[in-house]
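Scroll down for the structure; my scribbles are underneath it.
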Amino acid sequence: MKTDVVIIGAGAVGCAIARELSRYKLDVTVVDKNEDIGGDASKSNSAIIHTGYDASPGTLESQLVAAANPMYDKLAEELDVPFKRIGAILPAITQEQFEKLPEIKHKAFLNRVYDVEYKTGEELLKMEPNLNPEVKGGLYIPRESIIDPFILVQALAENANENGVNFLLNTKVTDIRTENGAVKEVVTTGGTITADYVINAAALYCDEIAAMVGKADYKVVARRGQFYILDKNTDCQVKQIVLPIPTKVTKGKLMCPTIHGNMLVGPTAEDLDNKTDKSVTSDGLVSILEDVKRLIPGVNIRDSITQYSGLRPNRNPEGLHVDVYDDLKGYINLSGVRSTGLTLSVAMGVYVADLMRETGAVMEPKEHFTERRKGVLRFHELDREEQDEAVKRNPLYGKIVCRCETVTEGEILDCIRRPLGARSMDAVKRRVRAGMGRCQGGFCGPKVIEILARELGITVEEVNKNNEGSYMVAGKTR
Ligand SMILES: Cc1cc2nc3c(=O)[nH]c(=O)nc-3n(C[C@H](O)[C@H](O)[C@H](O)COP(=O)(O)OP(=O)(O)OC[C@H]3O[C@@H](n4cnc5c(N)ncnc54)[C@H](O)[C@@H]3O)c2cc1C
């Protein structure tokens with residue numbers, strides 16, 4: 001197979017680059033080892049679209065985050081991605097924290113985040129009545145926002161695909177061949193692809209990809225972040241993102257609403273000696289509770305409906321890098337996309353496209369680029385009349401499969417049948433939220449398995465939870 005550009009990784013970053021490149025007359029192929037688009041880190045994070053107020057000033061990361069944040073209003077509307085500018089507050093509970101506020105505000109200023117405001121303790125308590133009443137004052141960062149991280153990546157990928165980008169899933173890159181100081185071929189478990197450009201957006205594994213072309217002058221360590229998700233009905237809620245005063249290692253443990261109305265509490269920051277341990281631990285969960293209680297004393301962890309963890313690709317030496325090489329034409333290496341990669345992905349797309357142009361790629365815009373994408377209908381968001389009309393159009397919108405999240409069979413079929421559609425239980429869950437609610441799929445799980453089996457023409461025993469071999473059904477008991 002021959003293509004102009006291979007992008008390794010179908011996470012937020014790879015898919016944002018793919019969408020940006022799909023504006024041009026280029027043949028682009030995205031390769032991912034997973035069964036679904038969506039990445040690894042990109043599907044297990046805090047889902048915050050940052051402003052970059054606390055980034056290290058003058059770095060590429062701060063530049064990209066600051067550039068990305070304002071892009072989301074238009075992007076979310078064009079690509080039908082749930083997104084809300086709910087704002088964040090940074091309350092100082094101790095005198096020591098209070099004294100740090102001017103330094104944080106000044107850093108925000110250096111990062112060109114000019115709209116950060118001081119608030120008194122009283123003002124903050126009015127904004128967030130569940131805040132620790134000892135709050136001395138704090139900062140308000142109005143453009144910190146929340147998004148559906150799954151739909152963001154799906155939307156970028158689907159739109160890229162509609163504009164001609166090819167996606168090869170269940171396909172692991174095992175080697176890259178070079179010739180005369182330029183990339184030549186990408187060797188994968190699905191065959192060899194000849195390409196002029198190879199973009200390494202493999203995040204946690206980007207050091208292993210870089211080693212294939214002799215450019216691994218860094219290592220990536222997984223920094224795990226564990227979270228609680230609380231029920232939508234938990235009595236102690238917050239309306240904004242409530243952030244602690246950050247430390248050098250982490251932005252700290254926060255509490256915020258998710259775009260779908262649950263409460264998110266976490267994450268931890270633990271460096272691991274492997275890249276696969278996505279377990280949650282009692283120590284980690286206890287530390288979340290201890291820390292977040294200082295901000296929101298009434299947080300009720302007994303209302304947790306699930307816990308999860310994600311792995312940040314922590315580069316050693318630290319820092320976000322986008323590297324091109326004089327002695328290796330066509331190779332673009334991204335590394336250190338760590339804690340703000342969801343946010344900056346869309347700016348990274350533009351940055352990489354520009355870098356390609358600067359280094360000699362012919363970037364001719366397509367005459368017909370489709371900018372808009374319509375997502376799966378979100379039945380529960382419609383008013384009564386719209387719901388009636390949807391059911392008239394397609395009676396399967398009248399059949400509720402997931403009771404907790406009010407997800408209909410019509411939505412599940414759409415998410416399976418559309419391009420880059422769901423092929424596993426988790427892929428359905430991420431697209432339409434069947435199984436995301438209070439019962440975590442206890443009720444709708446078997447029904448979703450049946451629908452997947454029927455639609456994919458396989459047996460229920462062959463339906464996977466996620467990657468190949470993660471079967472849900474072992475066989476008949478009676
Ligand atoms: C706990 C936590 C909280 C976070 N909170 C936020 C937040 O609130 N806001 C924010 O902006 N960012 C946040 N982040 C960071 C953000 O999630 C990541 O920076 C971002 O998702 C990285 O995207 P990516 O596409 O680079 O990586 P990924 O999503 O990890 O995608 C990389 C892809 O590369 C593929 N791949 C790897 N090796 C190979 C190979 N050999 N062959 C084929 N494919 C391969 C993988 O399968 C994967 O799909 C958080 C991260 C964590 C873990």
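Simple scheme: letters A, B, ... for chains in structure tokens order, numbers from 1 for residues in each chain, numbers from 1 for ligands in the order shown.
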
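Residues in contact with Val165 (chain A) at 7 Å, where only C-alpha atoms are counted and same-chain residues fewer than 2 positions away are skipped, are listed as Ala18, Ser22, Asp27, Val28, Thr29, Ala160, Asn161, Asn163 and Phe167 of chain A.
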
Inset, instruction - Grab me every residue within 7 Å of ligand 1, counting only C-alpha atoms and all ligand atoms, and send it over as a PyMOL selection string. - result: chain A and resi 8-14+31-34+37-50+171-174+201-206+209+224-226+267+309-312+337-344

Legend entry - Surrounding residues of Val116 (chain A) excluding itself and chain neighbours under 3 positions, 12 Å, only C-alpha atoms, as a VMD selection string: chain A and resid 51 to 54 87 to 90 101 to 102 104 to 113 119 138 to 144

Inset, instruction - Go through A:Gln95, A:Thr281, A:Asn200, A:Ser145 and flag the residue nearest Ala76 (chain A), using only C-alpha atoms for the distances. - result: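 Selected residue with least distance to Ala76 (chain A): A:Ser145.
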
Inset, instruction - Quick one: pull the distance between CA of Thr276 (chain A) and CA of His321 (chain A), Å, one decimal. - result: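 So the answer is 23.1 Å.
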
Inset, instruction - Rank nothing, just name the residue among A:Asn464, A:Thr3, A:Thr268, A:Thr94 nearest to Glu185 (chain A), using only C-alpha atoms. - result: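 Result for the nearest residue to Glu185 (chain A): A:Thr3.
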
Inset, instruction - Go through region 86-311 of chain A and collect every residue that DSSP, computed from the backbone, puts in alpha helix (DSSP H); the answer should be as a ChimeraX atom specification. - result: /A:95-110,121-127,149-162,206-212,282-295

Report as a tab-separated table the residues of region 142-257 of chain A within 9 Å of region 324-327 of chain A, each with its shortest atom pair and distance in Å (one decimal), using only C-alpha atoms, ordered by chain and increasing residue number.
residue	atom	partner	partner_atom	distance
A:Asn180	CA	A:Asp327	CA	9.0
A:Gly181	CA	A:Asp327	CA	5.4
A:Ala182	CA	A:Asp327	CA	7.4

Would you write out those residues with N, CA, C and O atoms, as a PDB file, in the first residue's frame?
ATOM      1  N   ASN A 180      18.241   6.471   2.237  1.00  0.00           N
ATOM      2  CA  ASN A 180      18.896   7.728   1.828  1.00  0.00           C
ATOM      3  C   ASN A 180      18.444   8.927   2.664  1.00  0.00           C
ATOM      4  O   ASN A 180      18.092   9.984   2.126  1.00  0.00           O
ATOM      5  N   GLY A 181      18.401   8.762   3.975  1.00  0.00           N
ATOM      6  CA  GLY A 181      18.061   9.873   4.868  1.00  0.00           C
ATOM      7  C   GLY A 181      16.620  10.327   4.782  1.00  0.00           C
ATOM      8  O   GLY A 181      16.322  11.494   5.046  1.00  0.00           O
ATOM      9  N   ALA A 182      15.722   9.429   4.426  1.00  0.00           N
ATOM     10  CA  ALA A 182      14.292   9.782   4.384  1.00  0.00           C
ATOM     11  C   ALA A 182      13.466   8.567   4.796  1.00  0.00           C
ATOM     12  O   ALA A 182      13.929   7.423   4.649  1.00  0.00           O
TER      13      ALA A 182
END

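Look at Thr234 (chain A): the protein and nucleic acid residues within 12 Å of it, using only C-alpha atoms and passing over chain neighbours fewer than 6 places away, are Pro257, Gly261, Asn262, Met263, Leu264, Gly298, Val299, Asn300, Ile301, Arg302, Asp303, Ser304, Ile305 and Arg438 of chain A.
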
Inset, instruction - Write out as a ChimeraX atom specification each polymer residue whose atoms come within 8 Å of Gln154 (chain A), counting only C-alpha atoms; drop sequence neighbours fewer than 3 positions from it. - result: /A:37-38,150-151,157-158,431

Within 10 Å of Ala427 (chain A), counting only C-alpha atoms, which residues qualify if same-chain residues fewer than 6 places away don't, as a PDB file with N, CA, C and O atoms, in the first residue's frame?
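Below you can see selection-v6.pdb, which holds the result:
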ATOM      1  N   GLU A  35      -8.667  -1.416  18.676  1.00  0.00           N
ATOM      2  CA  GLU A  35      -9.796  -1.821  17.821  1.00  0.00           C
ATOM      3  C   GLU A  35     -10.643  -0.620  17.417  1.00  0.00           C
ATOM      4  O   GLU A  35     -11.471  -0.717  16.532  1.00  0.00           O
ATOM      5  N   ASP A  36     -10.423   0.497  18.113  1.00  0.00           N
ATOM      6  CA  ASP A  36     -11.286   1.647  17.881  1.00  0.00           C
ATOM      7  C   ASP A  36     -10.435   2.907  17.822  1.00  0.00           C
ATOM      8  O   ASP A  36      -9.350   2.960  18.406  1.00  0.00           O
ATOM      9  N   ILE A  37     -10.964   3.911  17.155  1.00  0.00           N
ATOM     10  CA  ILE A  37     -10.380   5.240  17.273  1.00  0.00           C
ATOM     11  C   ILE A  37     -10.582   5.707  18.715  1.00  0.00           C
ATOM     12  O   ILE A  37     -11.412   5.146  19.422  1.00  0.00           O
ATOM     13  N   GLY A  38      -9.857   6.704  19.147  1.00  0.00           N
ATOM     14  CA  GLY A  38     -10.101   7.223  20.502  1.00  0.00           C
ATOM     15  C   GLY A  38      -8.864   7.266  21.360  1.00  0.00           C
ATOM     16  O   GLY A  38      -8.848   7.930  22.388  1.00  0.00           O
ATOM     17  N   PHE A 150     -14.618  11.698  24.349  1.00  0.00           N
ATOM     18  CA  PHE A 150     -14.802  10.592  23.390  1.00  0.00           C
ATOM     19  C   PHE A 150     -15.355  11.146  22.077  1.00  0.00           C
ATOM     20  O   PHE A 150     -14.862  10.838  20.997  1.00  0.00           O
ATOM     21  N   CYS A 415     -24.643   4.469  15.761  1.00  0.00           N
ATOM     22  CA  CYS A 415     -23.207   4.520  16.115  1.00  0.00           C
ATOM     23  C   CYS A 415     -22.456   3.303  15.581  1.00  0.00           C
ATOM     24  O   CYS A 415     -21.243   3.354  15.408  1.00  0.00           O
ATOM     25  N   ILE A 416     -23.181   2.225  15.315  1.00  0.00           N
ATOM     26  CA  ILE A 416     -22.510   1.045  14.736  1.00  0.00           C
ATOM     27  C   ILE A 416     -22.402   1.201  13.217  1.00  0.00           C
ATOM     28  O   ILE A 416     -21.383   0.854  12.616  1.00  0.00           O
ATOM     29  N   GLY A 421     -17.571   3.149  12.640  1.00  0.00           N
ATOM     30  CA  GLY A 421     -18.573   2.823  13.656  1.00  0.00           C
ATOM     31  C   GLY A 421     -18.052   1.900  14.742  1.00  0.00           C
ATOM     32  O   GLY A 421     -16.968   1.313  14.642  1.00  0.00           O
ATOM     33  N   ARG A 433     -23.093   6.409  25.210  1.00  0.00           N
ATOM     34  CA  ARG A 433     -23.223   6.353  26.674  1.00  0.00           C
ATOM     35  C   ARG A 433     -24.055   5.180  27.189  1.00  0.00           C
ATOM     36  O   ARG A 433     -24.438   5.164  28.360  1.00  0.00           O
ATOM     37  N   ALA A 434     -24.356   4.190  26.364  1.00  0.00           N
ATOM     38  CA  ALA A 434     -25.054   3.014  26.892  1.00  0.00           C
ATOM     39  C   ALA A 434     -24.086   2.280  27.820  1.00  0.00           C
ATOM     40  O   ALA A 434     -23.032   1.828  27.384  1.00  0.00           O
ATOM     41  N   ASN A 464     -16.690  -8.415  21.518  1.00  0.00           N
ATOM     42  CA  ASN A 464     -15.612  -8.013  22.432  1.00  0.00           C
ATOM     43  C   ASN A 464     -16.027  -6.847  23.322  1.00  0.00           C
ATOM     44  O   ASN A 464     -16.821  -5.997  22.914  1.00  0.00           O
ATOM     45  N   LYS A 465     -15.421  -6.810  24.505  1.00  0.00           N
ATOM     46  CA  LYS A 465     -15.591  -5.609  25.356  1.00  0.00           C
ATOM     47  C   LYS A 465     -14.828  -4.456  24.705  1.00  0.00           C
ATOM     48  O   LYS A 465     -15.324  -3.378  24.561  1.00  0.00           O
ATOM     49  N   ASN A 466     -13.573  -4.707  24.307  1.00  0.00           N
ATOM     50  CA  ASN A 466     -12.801  -3.697  23.576  1.00  0.00           C
ATOM     51  C   ASN A 466     -11.878  -4.381  22.568  1.00  0.00           C
ATOM     52  O   ASN A 466     -12.341  -4.741  21.497  1.00  0.00           O
ATOM     53  N   ASN A 467     -10.612  -4.614  22.921  1.00  0.00           N
ATOM     54  CA  ASN A 467      -9.709  -5.198  21.934  1.00  0.00           C
ATOM     55  C   ASN A 467      -9.993  -6.680  21.683  1.00  0.00           C
ATOM     56  O   ASN A 467     -10.652  -7.344  22.487  1.00  0.00           O
TER      57      ASN A 467
END

Legend entry - strand (DSSP E) call set, DSSP backbone run, region 136-293 of chain A, as number ranges by chain: A: 137-141, 145-147, 166-168, 173-179, 182-188, 191-200, 219-230, 241-242, 254-257, 263-266, 270-271

Inset, instruction - Measure the distance from CA of Glu450 (chain A) to CA of Val428 (chain A) in Å and round it to one decimal. - result: 12.4 Å
